[in-house]
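Comments concern the structure below.
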There are 4 protein chains.
Amino acid sequence: MPKLAYLGPEGTFCEAALRILAPDAERLPCASVTAALDAARSGEADGAVVPLENSVEGAITVTLDELAWGRPLLISAELLLPVEFSLLVRPGTEIPHIKRVYTHPAAITQCRNYLARELPDAVVVAAPSTAAAAQEVSTPGSPYDAAIAPAIAGEHYNLTELASGIGDRDDTVTRFIRVSPPGPLPEPTGADRTSLVAFLRDDHPGALLEMLNEFAVRGVNLTRIESRPTGDGIGRYFFHFDAEGHVAEARVGDALSGLHRLSDEVRFLGSYPRADRVSPELKRGTTGADFAEAAEWLARVRAGRA
Amino acid sequence: MPKLAYLGPEGTFCEAALRILAPDAERLPCASVTAALDAARSGEADGAVVPLENSVEGAITVTLDELAWGRPLLISAELLLPVEFSLLVRPGTEIPHIKRVYTHPAAITQCRNYLARELPDAVVVAAPSTAAAAQEVSTPGSPYDAAIAPAIAGEHYNLTELASGIGDRDDTVTRFIRVSPPGPLPEPTGADRTSLVAFLRDDHPGALLEMLNEFAVRGVNLTRIESRPTGDGIGRYFFHFDAEGHVAEARVGDALSGLHRLSDEVRFLGSYPRADRVSPELKRGTTGADFAEAAEWLARVRAGRA
Amino acid sequence: MPKLAYLGPEGTFCEAALRILAPDAERLPCASVTAALDAARSGEADGAVVPLENSVEGAITVTLDELAWGRPLLISAELLLPVEFSLLVRPGTEIPHIKRVYTHPAAITQCRNYLARELPDAVVVAAPSTAAAAQEVSTPGSPYDAAIAPAIAGEHYNLTELASGIGDRDDTVTRFIRVSPPGPLPEPTGADRTSLVAFLRDDHPGALLEMLNEFAVRGVNLTRIESRPTGDGIGRYFFHFDAEGHVAEARVGDALSGLHRLSDEVRFLGSYPRADRVSPELKRGTTGADFAEAAEWLARVRAGRA
Amino acid sequence: MPKLAYLGPEGTFCEAALRILAPDAERLPCASVTAALDAARSGEADGAVVPLENSVEGAITVTLDELAWGRPLLISAELLLPVEFSLLVRPGTEIPHIKRVYTHPAAITQCRNYLARELPDAVVVAAPSTAAAAQEVSTPGSPYDAAIAPAIAGEHYNLTELASGIGDRDDTVTRFIRVSPPGPLPEPTGADRTSLVAFLRDDHPGALLEMLNEFAVRGVNLTRIESRPTGDGIGRYFFHFDAEGHVAEARVGDALSGLHRLSDEVRFLGSYPRADRVSPELKRGTTGADFAEAAEWLARVRAGRA
């Protein structure tokens, strides 16, 4: 039974993700993404589950930067978790009693319509996390009457769910990843994703275009591109890429080799099954068989037997 | 005397930026980036100064999203402000008295070495902003002994600066922008920057490569590229670009037109003088004179007089 | 009634092409492509009809070089003429009498199967042109018994056509063009072609890729690319391009302007109706309406009214 | 002592090239390029020397087409031979006696100035080759008084060289190649060239751009690109490429493999030392060491040991 660190406290969306990704795992809540990843690095846990991006808020930059700069970890799985907010109260509280609502600022933004419609007179106060908000509301004597948090937080802190699905959009999703220290990669499934970080050799104009071309010329589609500052001043960036396919596949391996030759550093972050199970449409000439046939042809040419 | 909104409270780096960008302006502190921009949109203020990106933390995503989705505003100036943290205390407090330090989490990260070396036993607590931390410390009876905040906050709240420049790096910079409602653009200076947002027409593989090519083919270098989620699910992004040059210049205008034809929507965010005064090195064939000469040549060709 | 020069003598495929392109024209046979084009340049004729390329033999390089280096001429029309060879003899000659066949080397190559099958024992001798071969055979006392030439040559020289369509392939085609001194261009028809010559600015690696990109980025397809030596040593080339569309169209004009800025010299050779009447499939964002809309958008942006 | 076929008759520039490329070889003159290559294919000769291109006239298309379509042959060497024309006469003839000059049309074109200046009243007649012209002039009773031909032809046919270097340009060069049946390739020398032919998979717009990109992305420069008709109608072409480097080198082999995957067919025509001994300037990341290092990195990544 593996032990997995996650972004706590208990009751976070991250815990919900972990429960789906690894139902049997022992769970170790941590105070921050960094703490969860450090637990995986140090061996205190066997791995970690952390958020990578949200379909409304965007990248979780601390995760991006930890994966790029910290001691190496590999992604072995991903999960797309719908973000569903519930209105949680102490047992007995009813809507008309709610004067003060406590939740994370992202939840305030994403539940703006519900709050305006159902709780127009309530004061809404920013909390460090939605789970922390639920924890606080569960404390007897709390100045807050309700928390907006995932349903799982209600279970943890014995709160009553007065309403569920109160976000303005019902399609908001957070992408979580499971990471572990470097080791054997998951087998290719035919519907995989490869994540990596690339640092430009010298930050010349057109450098990103060249990097993208290394993928394009091998028919490898990118599903995510994020720039992050290197820290060396405004205008200096490095890049996170998610590509379709598994590094064990010829076209992906070839693209990564090309990128590696072009870059100051490429850090491989893992090849793992896509949560959406979508297999890429391969351009003609870029299947594994095409690469194998081309390699045989080249061997014959070099031997003068073409 | 213009009235400019900014990210308050008094004593923020943003106020420091505003004082440099518009020394004579009347200042209107606002509780959030959104509030500051809304003040500029509504006419309550003539414009606003907000942070856009930081050389360590990266983009200020609320600013990116407000500029992309909110009522249009144009950037008319930018400023690169060194981030210098000071240790601020109530008059009379000395280093050995400091048990509890209050500051924003970014400052905790960026002053990690100083804290470990000079205040190894102090408890460090997260505040909503550095200026709010200073304000809190200035309150008689505050549970905190010191704030880490910009020097300007010390002036505002009558705090004593026990140490300055306590960040781990001395080259951290935040880029601030001044925005106003749409209107005449600043004149080209020869060292300008153009900001814009582009939404892909249909999110096909290679779409970003095509967009970058529209700039490259006209010799227009990009200085910043950021992807942001459209909100329509993981894997759907739009892009912020900063390009060298002014939209009044032929090569920049031509690139923007090309991008416009290629995209679902391009939102122009302004052309304005670069803070670093760096003039672009132009590729042969991409100066204004080259474009003018080519236009004349084409006119002759079309008239059968070439 | 215009007077048109052509590659003679009477009875060439070129005469056949001229009769289709300009049935009412007065015809001036010339001894060479250069002579025909010079007649059009000097005013001795109003224009000229010359071959540009053949689907088996390839480009007629003298035509390419004359158009590139000689006094400028513009192409105003093109024609695709099937190449059909006939076996022509003096009246009374029959197959068994034929001992010596006279024709142009290209016809020898293209009628190889017929000759091997029907005239296995005949000697085949190279002539300067197929029409000259017919002319020679028509001369009483000629040492040759038959000519391979176009049927039209048989009419001119009163020869009997013993066999027609004797080429090995029945789909060989020669493309002829009509040229005139510079003047108003033919109106766009929606199915046009544009021809041009481009000299690289400095012959750096990747220069051709950059040139092709100028077309690709505007969605302009190329239908022909030929390299020709500049004369300044092996490894120095210039290029002939045929592009889909008319220079009066925005995307074609824009591509040509871009090419002009990139090149040492671009010589426009004409926009004219395609012989095959094929209209290009336009990529989204590259129609005339798209260009016009983008220009209006840019004007609003520059005026601060976007 | 190898036996090499060449484009005869004796006294051609091709013989001069052969004497330099293989001074000790037995020489077999052939009536045409095709005949010379067929001699090499059939084993009648061990190889052949034929012209490939001329710096003024361009490609020798029969050579291009033979290499592309005929039984495979590999290029093992190249030579750049200056084209120097001499005025050759029977012993005793002097300039004022010359009334009729016989030579190949290309020589007529290239010696136009000399003829106009020194022999303004002479009639100039077209011959099938310069060597054939010399042979004819050497025949007692020939109607021609002089031939323009290479000096070597004068030696063969016992003619007197009245003038040498009479071409209008003194830098005209013909590139000759030595070919043999497939077998071991010449060793890489660091200054090599690779020749090949590529047939597009489906002749879509942008296909050539894609092909060029396969070279560019590996930093392989092209030194020659020629389109040739496939024979299947106007607008259908295949391509000859000359690239810098040897197929045994990683970047060249990788580019050829990529091209092979992209194309209907790639025919390798040989890797051989460049006549000009120029070593390519390699882009960073494209040396053999860079490819080897990237392959090791990829192996580590795939093994989970990166």
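Residues are referred to by chain and number: the chain letter is A, B, ... according to the order shown in the structure tokens, the number counts from 1 in that chain, and ligands are numbered separately from 1 in the order shown.
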Next item on the list: Compile the contact shell of Pro120 (chain D) as a PyMOL selection string: residues with an atom at most 10 Å away, counting only C-alpha atoms, same-chain residues fewer than 6 positions apart removed.
Entry: chain D and resi 99+113-114
Next item on the list: Identify, on the basis of only C-alpha atoms, every residue whose closest approach to Arg302 (chain C) does not exceed 12 Å; exclude the query and any residue fewer than 6 positions from it along the same chain; express the result as a PyMOL selection string.
Entry: (chain B and resi 74+182-188+194+246-250+252-254+256-257+268-271) or (chain C and resi 295-296)
Requested write-out: N, CA, C and O atoms of the selected residues, as a short mmCIF file (atom, residue, chain, number, x, y, z; two decimals), in the first residue's frame:
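Listing of selection_17.cif after writing:
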data_model
loop_
_atom_site.label_atom_id
_atom_site.label_comp_id
_atom_site.auth_asym_id
_atom_site.auth_seq_id
_atom_site.Cartn_x
_atom_site.Cartn_y
_atom_site.Cartn_z
N LEU B 74 -6.15 50.28 -22.90
CA LEU B 74 -4.89 50.29 -23.66
C LEU B 74 -3.73 50.62 -22.74
O LEU B 74 -3.83 51.53 -21.91
N PRO B 182 -9.52 53.24 -24.35
CA PRO B 182 -9.02 53.42 -25.72
C PRO B 182 -9.01 54.87 -26.15
O PRO B 182 -9.90 55.65 -25.80
N GLY B 183 -8.00 55.25 -26.90
CA GLY B 183 -7.83 56.62 -27.38
C GLY B 183 -6.54 56.67 -28.17
O GLY B 183 -5.94 55.63 -28.42
N PRO B 184 -6.12 57.86 -28.58
CA PRO B 184 -4.91 57.98 -29.40
C PRO B 184 -3.73 57.26 -28.74
O PRO B 184 -3.55 57.31 -27.52
N LEU B 185 -2.91 56.62 -29.58
CA LEU B 185 -1.77 55.87 -29.08
C LEU B 185 -0.58 56.80 -28.84
O LEU B 185 -0.47 57.84 -29.49
N PRO B 186 0.31 56.42 -27.93
CA PRO B 186 1.57 57.17 -27.82
C PRO B 186 2.30 57.15 -29.15
O PRO B 186 2.23 56.18 -29.89
N GLU B 187 3.00 58.22 -29.46
CA GLU B 187 3.78 58.28 -30.70
C GLU B 187 4.89 57.23 -30.68
O GLU B 187 5.44 56.94 -29.62
N PRO B 188 5.26 56.67 -31.82
CA PRO B 188 6.41 55.76 -31.87
C PRO B 188 7.68 56.50 -31.45
O PRO B 188 7.85 57.69 -31.79
N THR B 194 4.64 46.38 -28.32
CA THR B 194 3.22 46.24 -28.63
C THR B 194 2.70 44.98 -27.93
O THR B 194 3.31 43.92 -28.01
N HIS B 246 6.18 49.29 -32.70
CA HIS B 246 4.93 50.05 -32.53
C HIS B 246 3.99 49.70 -33.68
O HIS B 246 4.43 49.55 -34.81
N VAL B 247 2.70 49.59 -33.38
CA VAL B 247 1.74 49.20 -34.42
C VAL B 247 1.71 50.20 -35.57
O VAL B 247 1.32 49.85 -36.70
N ALA B 248 2.17 51.41 -35.34
CA ALA B 248 2.23 52.38 -36.43
C ALA B 248 3.31 52.01 -37.44
O ALA B 248 3.29 52.49 -38.57
N GLU B 249 4.25 51.17 -37.04
CA GLU B 249 5.31 50.74 -37.96
C GLU B 249 4.76 49.68 -38.90
O GLU B 249 3.95 48.84 -38.51
N ALA B 250 5.24 49.70 -40.13
CA ALA B 250 4.68 48.83 -41.16
C ALA B 250 4.81 47.36 -40.80
O ALA B 250 3.85 46.59 -40.92
N VAL B 252 5.08 45.84 -37.96
CA VAL B 252 4.25 45.43 -36.83
C VAL B 252 2.78 45.41 -37.26
O VAL B 252 2.04 44.45 -36.98
N GLY B 253 2.37 46.44 -37.96
CA GLY B 253 0.99 46.48 -38.44
C GLY B 253 0.68 45.31 -39.35
O GLY B 253 -0.38 44.68 -39.24
N ASP B 254 1.62 45.00 -40.22
CA ASP B 254 1.43 43.90 -41.16
C ASP B 254 1.33 42.56 -40.41
O ASP B 254 0.49 41.71 -40.73
N LEU B 256 0.33 42.17 -37.32
CA LEU B 256 -0.93 42.13 -36.58
C LEU B 256 -2.10 41.84 -37.53
O LEU B 256 -3.03 41.11 -37.17
N SER B 257 -2.06 42.43 -38.72
CA SER B 257 -3.11 42.13 -39.70
C SER B 257 -3.12 40.65 -40.04
O SER B 257 -4.18 40.03 -40.14
N PHE B 268 -6.00 44.17 -29.43
CA PHE B 268 -4.82 45.02 -29.33
C PHE B 268 -4.79 45.65 -27.95
O PHE B 268 -5.79 46.20 -27.50
N LEU B 269 -3.63 45.57 -27.28
CA LEU B 269 -3.54 46.08 -25.91
C LEU B 269 -2.64 47.30 -25.80
O LEU B 269 -2.40 47.79 -24.70
N GLY B 270 -2.13 47.78 -26.93
CA GLY B 270 -1.35 49.01 -26.86
C GLY B 270 0.05 48.91 -27.43
O GLY B 270 0.64 47.85 -27.48
N SER B 271 0.53 50.07 -27.91
CA SER B 271 1.92 50.25 -28.34
C SER B 271 2.46 51.40 -27.52
O SER B 271 1.82 52.46 -27.43
N ALA C 295 -7.40 45.08 -42.90
CA ALA C 295 -6.85 46.43 -43.10
C ALA C 295 -7.70 47.46 -42.35
O ALA C 295 -7.18 48.40 -41.74
N GLU C 296 -9.02 47.26 -42.37
CA GLU C 296 -9.90 48.18 -41.63
C GLU C 296 -9.66 48.06 -40.13
O GLU C 296 -9.64 49.05 -39.40
#
Notebook entry, point to check: So which residues touch Leu259 (chain A) within 12 Å, counting only C-alpha atoms, skipping near sequence neighbours fewer than 2 positions away, as a ChimeraX atom specification?
Noted result: /A:196-201,207-218,239,241,252-257,261-268 /D:217-218,285-286,290-291,294-295,297-298
Margin query: Would you mind listing, as a PyMOL selection string, all residues of chain A that have at least one atom within 8 Å of chain B, where only C-alpha atoms are what counts?
Written below: chain A and resi 53-58+171-175+205-206+209+212-213+216+221-235
Would you mind exporting C-alpha atoms of the selected residues as an mmCIF file, in the first residue's frame?
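As written to disk, out.cif reads:
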data_model
loop_
_atom_site.group_PDB
_atom_site.id
_atom_site.type_symbol
_atom_site.label_atom_id
_atom_site.label_comp_id
_atom_site.auth_asym_id
_atom_site.auth_seq_id
_atom_site.Cartn_x
_atom_site.Cartn_y
_atom_site.Cartn_z
ATOM 1 C CA GLU A 53 -3.624 23.406 -13.916
ATOM 2 C CA ASN A 54 -7.216 24.521 -13.763
ATOM 3 C CA SER A 55 -9.422 25.195 -16.752
ATOM 4 C CA VAL A 56 -10.347 28.626 -15.443
ATOM 5 C CA GLU A 57 -7.436 29.736 -13.259
ATOM 6 C CA GLY A 58 -4.671 28.324 -15.456
ATOM 7 C CA ASP A 171 -17.476 22.465 -16.688
ATOM 8 C CA THR A 172 -14.576 23.751 -14.639
ATOM 9 C CA VAL A 173 -11.923 21.118 -14.270
ATOM 10 C CA THR A 174 -8.643 20.805 -12.400
ATOM 11 C CA ARG A 175 -5.880 18.599 -13.722
ATOM 12 C CA PRO A 205 14.341 35.653 -31.528
ATOM 13 C CA GLY A 206 12.712 32.694 -33.162
ATOM 14 C CA LEU A 209 9.496 28.782 -33.217
ATOM 15 C CA LEU A 212 7.895 24.043 -31.837
ATOM 16 C CA ASN A 213 9.265 23.027 -35.224
ATOM 17 C CA ALA A 216 5.917 19.667 -35.800
ATOM 18 C CA ASN A 221 1.159 17.738 -31.429
ATOM 19 C CA LEU A 222 1.504 19.861 -28.327
ATOM 20 C CA THR A 223 -1.437 20.093 -25.954
ATOM 21 C CA ARG A 224 -0.005 22.679 -23.552
ATOM 22 C CA ILE A 225 2.668 25.367 -23.706
ATOM 23 C CA GLU A 226 3.475 27.577 -20.734
ATOM 24 C CA SER A 227 6.224 30.114 -20.376
ATOM 25 C CA ARG A 228 7.758 30.738 -16.953
ATOM 26 C CA PRO A 229 10.391 33.279 -15.976
ATOM 27 C CA THR A 230 13.908 31.951 -15.463
ATOM 28 C CA GLY A 231 14.361 34.475 -12.665
ATOM 29 C CA ASP A 232 17.089 36.261 -14.594
ATOM 30 C CA GLY A 233 15.067 39.326 -15.415
ATOM 31 C CA ILE A 234 11.969 40.308 -17.360
ATOM 32 C CA GLY A 235 12.061 38.835 -20.863
#
Checklist line | Test item: residues at most 12 Å from region 162-168 of chain B, only C-alpha atoms, excluding those fewer than 2 positions along its chain, as a ChimeraX atom specification | finding: /A:231 /B:56,82-98,106-119,145-152,154,159-160,170-173
Notebook entry, point to check: Quick one: residues within 12 Å of Cys30 (chain A), only C-alpha atoms counted, chain neighbours fewer than 4 positions away excluded, as a list of chain:residue names?
Noted result: A:Leu4, A:Ala5, A:Tyr6, A:Leu7, A:Gly8, A:Pro9, A:Glu10, A:Gly11, A:Thr12, A:Cys14, A:Glu15, A:Thr34, A:Ala35, A:Ala36, A:Leu37, A:Asp38, A:Ala39, A:Ala40, A:Glu44, A:Ala45, A:Ala48, A:Val49, A:Val50
Using only C-alpha atoms, please write the residues we just selected to a file, as a short mmCIF file (atom, residue, chain, number, x, y, z; two decimals), in the first residue's frame.
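Output (part-v2.cif):
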data_model
loop_
_atom_site.label_atom_id
_atom_site.label_comp_id
_atom_site.auth_asym_id
_atom_site.auth_seq_id
_atom_site.Cartn_x
_atom_site.Cartn_y
_atom_site.Cartn_z
CA LEU A 4 1.07 9.43 -1.13
CA ALA A 5 1.53 13.02 -0.06
CA TYR A 6 -1.00 15.60 -1.21
CA LEU A 7 -1.95 19.21 -0.86
CA GLY A 8 -3.96 19.27 2.34
CA PRO A 9 -5.55 19.79 4.71
CA GLU A 10 -8.03 16.96 4.57
CA GLY A 11 -11.02 17.76 2.45
CA THR A 12 -9.28 19.43 -0.51
CA CYS A 14 -6.52 17.29 -4.14
CA GLU A 15 -7.56 14.64 -1.65
CA THR A 34 6.26 22.14 -2.18
CA ALA A 35 5.88 20.18 1.04
CA ALA A 36 3.99 17.39 -0.74
CA LEU A 37 6.64 17.13 -3.47
CA ASP A 38 9.44 17.23 -0.90
CA ALA A 39 7.80 14.32 0.90
CA ALA A 40 7.97 12.35 -2.35
CA GLU A 44 8.78 10.20 3.49
CA ALA A 45 6.08 9.29 0.95
CA ALA A 48 2.59 12.80 -4.35
CA VAL A 49 -0.60 14.09 -5.93
CA VAL A 50 -0.69 17.80 -6.73
#
Checklist line | DSSP-assigned strand (DSSP E or B) among region 28-271 of chain A, expressed as a VMD selection string | finding: chain A and resid 28 to 30 47 to 54 58 to 59 74 to 82 86 to 89 100 to 103 123 to 126 146 to 149 160 to 164 173 to 180 192 to 200 222 to 229 237 to 244 263 to 271
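Using only C-alpha atoms for every distance, the candidate list A:Ala243, A:Leu73, A:Val301, A:Ala153 yields A:Ala153 as the residue closest to Ala16 (chain A).
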